[in-house]
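What follows is entry.cif (mmCIF, C-alpha atoms).
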```cif
data_query
loop_
_atom_site.label_atom_id
_atom_site.label_comp_id
_atom_site.auth_asym_id
_atom_site.auth_seq_id
_atom_site.Cartn_x
_atom_site.Cartn_y
_atom_site.Cartn_z
CA MET A 1 186.40 36.22 -207.77
CA ASP A 2 184.89 33.07 -209.26
CA ASP A 3 184.94 29.59 -207.75
CA LYS A 4 187.89 28.25 -209.65
CA ILE A 5 191.24 27.18 -208.35
CA THR A 6 194.29 25.88 -210.10
CA VAL A 7 195.60 22.51 -209.06
CA THR A 8 198.77 20.72 -210.07
CA ASP A 9 199.03 16.97 -210.33
CA ASP A 10 202.09 14.87 -209.53
CA LEU A 11 203.23 15.05 -213.14
CA GLY A 12 203.35 18.82 -212.95
CA ASN A 13 200.22 19.38 -215.04
CA SER A 14 198.15 22.33 -213.92
CA PHE A 15 194.49 22.81 -214.61
CA GLU A 16 191.55 24.72 -213.35
CA VAL A 17 188.76 23.12 -211.39
CA GLU A 18 185.43 24.55 -210.34
CA VAL A 19 184.89 24.30 -206.60
CA LEU A 20 181.32 23.29 -205.80
CA ASP A 21 181.57 22.93 -202.05
CA ILE A 22 183.92 22.69 -199.08
CA PHE A 23 182.48 20.91 -196.08
CA ASN A 24 182.87 18.70 -193.02
CA VAL A 25 181.15 15.44 -192.25
CA GLU A 26 179.99 13.91 -189.02
CA GLY A 27 182.59 11.71 -187.43
CA TYR A 28 185.44 13.36 -189.33
CA GLU A 29 185.13 16.88 -188.03
CA ASN A 30 188.87 17.45 -188.07
CA LYS A 31 188.94 17.09 -191.88
CA ASP A 32 187.75 19.27 -194.70
CA TYR A 33 186.50 17.85 -197.97
CA ILE A 34 186.34 19.57 -201.29
CA LEU A 35 183.80 18.82 -204.03
CA TYR A 36 184.86 20.04 -207.46
CA SER A 37 184.17 19.67 -211.12
CA LEU A 38 186.17 19.62 -214.34
CA GLY A 39 183.06 20.32 -216.35
CA GLU A 40 182.72 16.72 -217.53
CA GLU A 41 179.28 15.65 -218.63
CA ILE A 42 178.37 11.96 -218.32
CA ASP A 43 174.98 12.22 -220.03
CA GLU A 44 172.24 14.79 -220.40
CA ASN A 45 171.27 14.48 -216.73
CA ASN A 46 174.51 13.79 -214.96
CA GLU A 47 178.00 15.14 -214.66
CA ARG A 48 181.19 13.86 -213.15
CA ALA A 49 182.53 15.47 -210.01
CA TYR A 50 185.42 14.77 -207.68
CA VAL A 51 185.81 14.71 -203.94
CA SER A 52 189.10 14.94 -202.12
CA ILE A 53 190.30 15.39 -198.59
CA LEU A 54 191.48 18.97 -198.37
CA ASP A 55 194.67 18.90 -196.44
CA ASN A 56 196.21 22.18 -195.32
CA LYS A 57 199.54 22.50 -193.60
CA ASP A 58 200.97 25.96 -193.23
CA ASP A 59 199.06 27.29 -196.19
CA ASN A 60 200.14 24.40 -198.37
CA TYR A 61 197.08 22.77 -199.77
CA ARG A 62 196.88 19.20 -200.93
CA LEU A 63 193.91 17.31 -202.36
CA LEU A 64 194.02 13.68 -201.24
CA GLU A 65 192.12 10.53 -202.02
CA ILE A 66 189.57 9.24 -199.49
CA ALA A 67 190.93 5.77 -199.03
CA ASP A 68 188.84 4.57 -196.13
CA ASN A 69 185.60 2.93 -197.33
CA LYS A 70 183.55 3.94 -194.33
CA GLU A 71 184.79 7.50 -194.60
CA TRP A 72 183.97 7.53 -198.31
CA GLU A 73 180.42 6.27 -197.68
CA THR A 74 179.92 8.97 -195.06
CA VAL A 75 181.14 11.67 -197.42
CA GLN A 76 178.89 10.49 -200.22
CA MET A 77 175.91 10.52 -197.86
CA ALA A 78 176.78 14.06 -196.75
CA ILE A 79 176.90 15.27 -200.36
CA LYS A 80 173.54 13.68 -201.09
CA GLU A 81 171.96 15.25 -198.01
CA ALA A 82 173.44 18.64 -198.79
CA SER A 83 172.06 18.61 -202.33
CA GLU A 84 168.61 17.63 -201.05
CA GLU A 85 168.62 20.33 -198.43
CA ILE A 86 169.46 23.12 -200.83
CA GLU A 87 166.49 25.03 -202.19
CA ASP A 88 165.48 24.29 -205.80
CA MET B 1 183.52 24.64 -187.79
CA ASN B 2 184.10 23.27 -184.31
CA ASN B 3 182.73 20.06 -182.82
CA SER B 4 180.20 21.65 -180.51
CA ASP B 5 178.77 23.61 -183.40
CA LYS B 6 178.49 20.43 -185.41
CA VAL B 7 176.73 18.59 -182.58
CA TYR B 8 174.35 21.50 -182.09
CA ILE B 9 173.64 21.61 -185.79
CA ASP B 10 172.99 17.87 -185.93
CA MET B 11 170.54 18.06 -183.05
CA ILE B 12 168.69 20.88 -184.65
CA THR B 13 168.67 19.18 -188.04
CA ASP B 14 167.13 16.10 -186.47
CA THR B 15 164.47 18.18 -184.75
CA ILE B 16 163.79 19.99 -187.99
CA LYS B 17 163.22 16.70 -189.79
CA LYS B 18 160.66 15.60 -187.21
CA ILE B 19 158.89 18.91 -187.27
CA LYS B 20 158.76 18.91 -191.07
CA GLU B 21 157.09 15.51 -191.02
CA ARG B 22 154.52 16.74 -188.53
CA ILE B 23 153.89 19.84 -190.63
CA SER B 24 153.42 17.74 -193.73
CA ASN B 25 150.90 15.48 -191.97
CA LEU B 26 148.92 18.39 -190.60
CA GLU B 27 148.93 20.21 -193.92
CA ASN B 28 147.57 17.10 -195.62
CA LYS B 29 144.88 16.86 -192.97
CA ASN B 30 144.05 20.52 -193.42
CA GLN B 31 143.79 20.14 -197.17
CA GLY B 32 141.42 17.21 -196.82
CA ILE B 33 139.16 19.08 -194.43
CA ARG B 34 139.10 22.22 -196.53
CA ALA B 35 138.17 20.20 -199.63
CA LEU B 36 135.40 18.41 -197.75
CA THR B 37 134.00 21.63 -196.33
CA GLY B 38 134.05 23.19 -199.76
CA ARG B 39 132.02 20.32 -201.16
CA ILE B 40 129.56 20.43 -198.31
CA ASP B 41 129.11 24.19 -198.80
CA LEU B 42 128.18 23.59 -202.42
CA GLU B 43 125.81 20.79 -201.45
CA LEU B 44 124.18 22.99 -198.85
CA GLU B 45 123.72 25.79 -201.36
CA ALA B 46 122.07 23.41 -203.83
CA LEU B 47 119.77 22.00 -201.16
CA ASN B 48 118.80 25.48 -200.00
CA LEU B 49 117.92 26.43 -203.56
CA GLN B 50 115.80 23.31 -203.87
CA CYS B 51 114.06 24.08 -200.58
CA ASN B 52 113.26 27.61 -201.70
CA LYS B 53 111.78 26.27 -204.91
CA LEU B 54 109.60 23.77 -203.10
CA GLU B 55 108.46 26.36 -200.57
CA ALA B 56 107.38 28.59 -203.43
CA GLN B 57 105.41 25.71 -204.94
CA LEU B 58 103.76 25.02 -201.59
CA GLN B 59 102.75 28.64 -201.25
CA GLU B 60 101.11 28.50 -204.64
CA LEU B 61 99.21 25.38 -203.69
CA GLU B 62 98.09 26.93 -200.42
CA SER B 63 96.70 29.90 -202.32
CA ARG B 64 94.79 27.57 -204.56
CA ILE B 65 93.37 25.75 -201.56
CA GLU B 66 92.11 29.00 -200.11
CA LEU B 67 90.37 29.88 -203.36
CA SER B 68 88.91 26.42 -203.55
CA GLU B 69 87.46 26.73 -200.06
CA ILE B 70 85.66 29.91 -201.02
CA LYS B 71 84.17 28.27 -204.07
CA GLU B 72 83.25 25.22 -202.04
CA SER B 73 81.28 27.40 -199.69
CA ILE B 74 79.42 28.97 -202.59
CA LEU B 75 78.60 25.57 -204.03
CA ASP B 76 77.30 24.40 -200.66
CA ARG B 77 74.82 27.26 -200.69
CA LEU B 78 73.79 26.32 -204.22
CA ASP B 79 73.25 22.74 -203.09
CA GLU B 80 70.99 24.02 -200.36
CA SER B 81 69.00 26.03 -202.90
CA ALA B 82 68.70 23.01 -205.17
CA ASP B 83 67.37 20.87 -202.30
CA LYS B 84 64.80 23.47 -201.37
CA ASN B 85 63.84 23.75 -205.02
CA ILE B 86 63.23 20.02 -205.33
CA GLU B 87 61.23 19.99 -202.09
CA LYS B 88 59.05 22.78 -203.38
CA GLN B 89 58.50 20.96 -206.67
CA GLU B 90 57.41 17.88 -204.79
CA ASP B 91 55.01 19.89 -202.68
CA ILE B 92 53.46 21.44 -205.74
CA GLU B 93 53.23 18.10 -207.51
CA GLN B 94 51.40 16.86 -204.45
CA ASP B 95 49.02 19.86 -204.71
CA ILE B 96 48.44 19.09 -208.39
CA ARG B 97 47.55 15.47 -207.59
CA GLN B 98 45.09 16.62 -204.94
CA LEU B 99 43.53 19.11 -207.35
CA GLU B 100 43.23 16.45 -210.06
CA GLU B 101 41.56 14.14 -207.56
CA LEU B 102 39.18 16.91 -206.61
CA ALA B 103 38.48 17.69 -210.27
CA GLY B 104 37.41 14.08 -210.77
CA LYS B 105 34.75 14.45 -208.14
CA LEU B 106 33.30 17.74 -209.49
CA LYS B 107 30.02 17.69 -211.51
CA THR B 108 29.88 21.10 -213.05
CA LYS B 109 32.03 22.32 -215.95
CA SER B 110 32.68 25.73 -214.34
CA ALA B 111 33.98 24.10 -211.19
CA LYS B 112 36.14 21.78 -213.28
CA ARG B 113 37.45 24.77 -215.29
CA LYS B 114 38.38 26.56 -212.08
CA ILE B 115 40.32 23.55 -210.86
CA SER B 116 41.99 23.15 -214.27
CA LYS B 117 43.20 26.71 -214.10
CA LYS B 118 44.64 26.10 -210.67
CA ILE B 119 46.34 22.96 -211.90
CA GLU B 120 47.82 24.84 -214.90
CA HIS B 121 49.06 27.55 -212.57
CA LYS B 122 50.77 24.95 -210.37
CA GLN B 123 52.30 23.30 -213.42
CA ARG B 124 53.74 26.63 -214.55
CA ILE B 125 55.28 27.04 -211.09
CA ILE B 126 56.79 23.58 -211.39
CA LYS B 127 58.25 24.49 -214.79
CA ARG B 128 59.82 27.62 -213.33
CA LEU B 129 61.24 25.59 -210.45
CA GLN B 130 62.64 23.03 -212.88
CA LYS B 131 64.37 25.77 -214.85
CA LYS B 132 65.87 27.11 -211.65
CA GLY B 133 67.09 23.62 -210.82
CA ALA B 134 68.70 23.36 -214.23
CA ARG B 135 70.49 26.66 -213.65
CA ILE B 136 71.87 25.37 -210.35
CA ASP B 137 73.08 22.24 -212.09
CA ARG B 138 74.79 24.37 -214.70
CA TYR B 139 76.95 25.95 -211.97
CA GLN B 140 79.09 22.85 -211.99
CA ARG B 141 81.17 22.06 -209.06
CA MET B 142 84.50 23.24 -210.17
CA VAL B 143 86.33 21.24 -207.73
CA LEU B 144 89.29 23.31 -206.90
CA LEU B 145 90.15 21.16 -204.11
CA PRO B 146 93.82 20.99 -204.11
CA LYS B 147 95.23 18.00 -205.74
CA THR B 148 95.50 16.76 -202.25
CA ARG B 149 97.80 14.00 -203.11
CA LYS B 150 100.12 16.37 -204.96
CA TYR B 151 100.10 18.76 -202.00
CA GLN B 152 100.90 16.00 -199.55
CA LYS B 153 103.64 14.71 -201.80
CA GLN B 154 105.16 18.19 -202.09
CA GLU B 155 105.03 18.51 -198.34
CA GLN B 156 106.85 15.19 -197.96
CA ILE B 157 109.52 16.19 -200.47
CA LEU B 158 110.02 19.48 -198.66
CA SER B 159 110.33 17.73 -195.29
CA LYS B 160 112.98 15.41 -196.73
CA GLN B 161 114.88 18.36 -198.21
CA GLU B 162 114.74 20.20 -194.93
CA ALA B 163 116.07 17.10 -193.17
CA LYS B 164 118.94 16.91 -195.69
CA VAL B 165 119.71 20.59 -195.16
CA ASN B 166 119.73 20.10 -191.39
CA LEU B 167 122.07 17.14 -191.71
CA THR B 168 124.42 19.00 -194.03
CA THR B 169 124.38 22.04 -191.76
CA ALA B 170 125.29 19.78 -188.84
CA LYS B 171 128.16 18.30 -190.88
CA ILE B 172 129.43 21.76 -191.70
CA ASN B 173 129.23 22.78 -188.05
CA ASP B 174 131.26 19.69 -187.11
CA ASN B 175 133.84 20.49 -189.76
CA ASN B 176 133.98 24.12 -188.70
CA GLU B 177 134.66 22.97 -185.17
CA LEU B 178 137.40 20.71 -186.44
CA LYS B 179 138.86 23.56 -188.48
CA ALA B 180 138.74 25.79 -185.42
CA MET B 181 140.64 23.09 -183.53
CA LEU B 182 143.27 23.04 -186.25
CA ASP B 183 143.64 26.80 -186.29
CA PRO B 184 145.87 26.92 -183.23
CA GLU B 185 147.88 24.13 -184.84
CA ASN B 186 148.13 26.20 -188.01
CA SER B 187 149.53 29.11 -186.02
CA PHE B 188 151.91 26.69 -184.38
CA ILE B 189 152.93 25.38 -187.81
CA ASP B 190 153.57 28.91 -189.06
CA SER B 191 155.70 29.80 -186.07
CA ILE B 192 157.64 26.54 -186.38
CA LYS B 193 158.24 27.17 -190.10
CA SER B 194 159.55 30.56 -189.24
CA THR B 195 161.86 29.07 -186.64
CA ILE B 196 163.00 26.41 -189.10
CA TYR B 197 163.89 29.07 -191.65
CA ASP B 198 165.88 30.91 -189.03
CA ILE B 199 167.69 27.80 -187.84
CA LYS B 200 168.47 26.62 -191.36
CA GLY B 201 169.60 30.11 -192.20
CA VAL B 202 172.10 30.06 -189.36
CA PHE B 203 173.26 26.59 -190.37
CA TYR B 204 173.82 27.43 -194.01
CA LYS B 205 175.32 30.76 -193.21
CA LYS B 206 177.98 29.08 -191.07
CA ARG B 207 178.58 26.38 -193.67
CA LEU B 208 178.95 28.76 -196.57
CA ASN B 209 181.00 31.24 -194.61
CA TYR B 210 183.43 28.51 -193.80
CA ALA B 211 183.55 27.27 -197.40
CA LYS B 212 184.13 30.80 -198.63
CA GLU B 213 186.93 31.39 -196.16
CA VAL B 214 188.74 28.29 -197.26
CA LEU B 215 188.18 28.99 -200.95
CA ASP B 216 189.45 32.55 -200.58
CA SER B 217 192.49 31.26 -198.83
CA MET B 218 193.17 28.71 -201.57
CA GLN B 219 192.71 31.29 -204.30
CA ASN B 220 195.09 33.67 -202.57
CA THR B 221 197.73 31.20 -201.63
CA LYS B 222 201.14 31.64 -203.17
CA SER B 223 201.80 27.92 -202.93
CA THR B 224 200.76 25.32 -205.45
CA ILE B 225 197.61 23.36 -204.69
CA ALA B 226 198.68 19.80 -205.12
CA LEU B 227 196.30 17.26 -206.53
CA ARG B 228 197.39 13.92 -205.14
CA GLY B 229 194.19 11.92 -205.25
CA ALA B 230 190.45 12.13 -205.70
CA ASN B 231 187.33 10.04 -205.53
CA VAL B 232 184.93 10.19 -208.43
CA VAL B 233 181.27 10.85 -207.85
CA THR B 234 178.36 11.14 -210.24
CA LEU B 235 176.29 14.19 -209.55
CA SER B 236 172.99 14.86 -211.18
CA LYS B 237 173.11 18.14 -213.05
CA LYS B 238 170.31 19.29 -210.86
CA ALA B 239 172.35 18.69 -207.72
CA ALA B 240 175.48 20.24 -209.20
CA ASN B 241 173.55 23.31 -210.24
CA LYS B 242 172.11 23.56 -206.77
CA PHE B 243 175.63 23.86 -205.36
CA ARG B 244 176.49 26.48 -207.97
CA LYS B 245 173.31 28.39 -207.30
CA MET B 246 174.01 28.36 -203.59
CA LYS B 247 177.37 29.98 -204.14
CA GLU B 248 176.00 32.50 -206.63
CA ALA B 249 173.27 33.52 -204.23
CA ALA B 250 175.83 33.89 -201.49
CA LYS B 251 177.93 36.16 -203.66
CA ALA B 252 174.93 38.23 -204.69
CA LYS B 253 173.88 38.66 -201.12
CA GLU B 254 177.38 39.64 -200.09
CA LYS B 255 177.49 42.20 -202.82
CA GLU B 256 174.13 43.54 -201.77
CA ASN B 257 174.92 43.79 -198.10
CA ASN B 258 178.60 44.43 -198.45
CA GLU B 259 179.14 41.94 -195.71
CA PRO B 260 179.31 38.18 -195.65
CA GLU B 261 175.61 37.61 -195.06
CA ILE B 262 174.22 34.61 -196.80
CA THR B 263 170.70 34.45 -195.44
CA ALA B 264 169.39 34.52 -199.01
CA LEU B 265 170.25 30.88 -199.15
CA VAL B 266 167.79 29.92 -196.47
CA PRO B 267 166.05 26.98 -198.07
CA VAL B 268 162.32 26.82 -198.28
CA VAL B 269 160.75 23.96 -196.41
CA ARG B 270 158.58 22.19 -198.90
#
```
What do you get writing this file as structure tokens?
Amino acid sequence: MDDKITVTDDLGNSFEVEVLDIFNVEGYENKDYILYSLGEEIDENNERAYVSILDNKDDNYRLLEIADNKEWETVQMAIKEASEEIED
Amino acid sequence: MNNSDKVYIDMITDTIKKIKERISNLENKNQGIRALTGRIDLELEALNLQCNKLEAQLQELESRIELSEIKESILDRLDESADKNIEKQEDIEQDIRQLEELAGKLKTKSAKRKISKKIEHKQRIIKRLQKKGARIDRYQRMVLLPKTRKYQKQEQILSKQEAKVNLTTAKINDNNELKAMLDPENSFIDSIKSTIYDIKGVFYKKRLNYAKEVLDSMQNTKSTIALRGANVVTLSKKAANKFRKMKEAAKAKEKENNEPEITALVPVVR
């Protein structure tokens, strides 16, 4: 099975996203976050990715915006650290 | 992942960071010392070669000196002969003068003839002695004394070289001692690296296992996955590919072991 899931937005549009990572961050251990890509290239060195809070209630998954600034900073830091830690 | 795991992981991660820094510092120190010792080894080799060359030259000079001493001894004996020769000539010249004086006092021709013959005889002896003296002179003093100055200079150069070699040898011994001191640290570094790999392996294994569990669940869910909001982030392609690679490696490992082992993703401490 590959790393793709199908998500549906609030307008009923469905599309596939590539899941890059699912993780926790310090201080928000009760939440999961999902890092995913739509395959969008920004330039030759960078691509766009998305991060959402992964909410799960009774097997119903929802991807939510990270609204809190402090939480968002922490998540960004965690992504940066994770990418640095991973072997080249 | 529960809280206590997270706390444990954070503590270990922090320790790992500190250890990595220490490792990096020691490895830099090691590299510097190895480079220095390498240079000193080369220098020592060059100096030893120079010393050998100079010692060979000295040996040659010493041989020449020995030969020169033999010849000197011969020439001393020749000098002695020459002196005796001159002394004899003088004695005979003295005899000739006395005979000539005597001849002046003689009245008869026969007596004078007798004296003349004696004088001629003495003169012939003198001539022979003079020839002998000339032969001695012809054996010229081939002064094979060593070019003393050159010998002394060579000796000085050799002493300086030997001093340099001794100094370099001392430096190498110091460095070898330092290296020996670092050897236990090297073993320590190796064992720490090994521990770090193990710890990181456990950490990543837990992380990826969890991510895989959740992903599997999402892929198998019968419900719709609702996208209600997202934050945009710019990822370098390098970073994004690292995440992809991590997952691919995890899958490959799982396939290989037929169990959810993901130790292949243990990162290398650089």
Problem set entry | chain A contacts on chain B, all atoms listed in the file, 9 Å, as a PyMOL selection string | chain B and resi 1-3+6-7+10+207-208+210-212+214-219+221-247+265-269
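Taking atom CA of Ile40 of chain B and atom CA of Asn176 of chain B as endpoints, the distance between them is 11.2 Å.
Surrounding residues of (46.4, 25.8, -209.6) at most 12 Å away are Ile92, Glu93, Gln94, Asp95, Ile96, Arg97, Gln98, Leu99, Glu100, Leu102, Ala103, Lys112, Arg113, Lys114, Ile115, Ser116, Lys117, Lys118, Ile119, Glu120, His121, Lys122, Gln123, Arg124, Ile125 and Ile126 of chain B (based on only C-alpha atoms).
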Exercise. Between atom CA of Val165 of chain B and atom CA of Glu62 of chain B, what is the distance, to one decimal in Å?
Worked result: 23.1 Å
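Separating atom CA of Ile70 of chain B from atom CA of Arg138 of chain B is a distance of 18.3 Å.
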Exercise. Which residue out of B:Ile23, B:Glu177, B:Lys132, B:Lys29 has the minimum interatomic distance to Ser81 of chain B when all atoms listed in the file are used?
Worked result: B:Lys132
Put the listed atoms of segment 54-60 of chain A in a box along x, y and z with 3 Å added on every side and give me the centre and edge lengths in Å to one decimal, as AutoDock Vina command-line options.
```
--center_x 196.2 --center_y 23.1 --center_z -195.8 --size_x 15.5 --size_y 14.4 --size_z 11.1
```
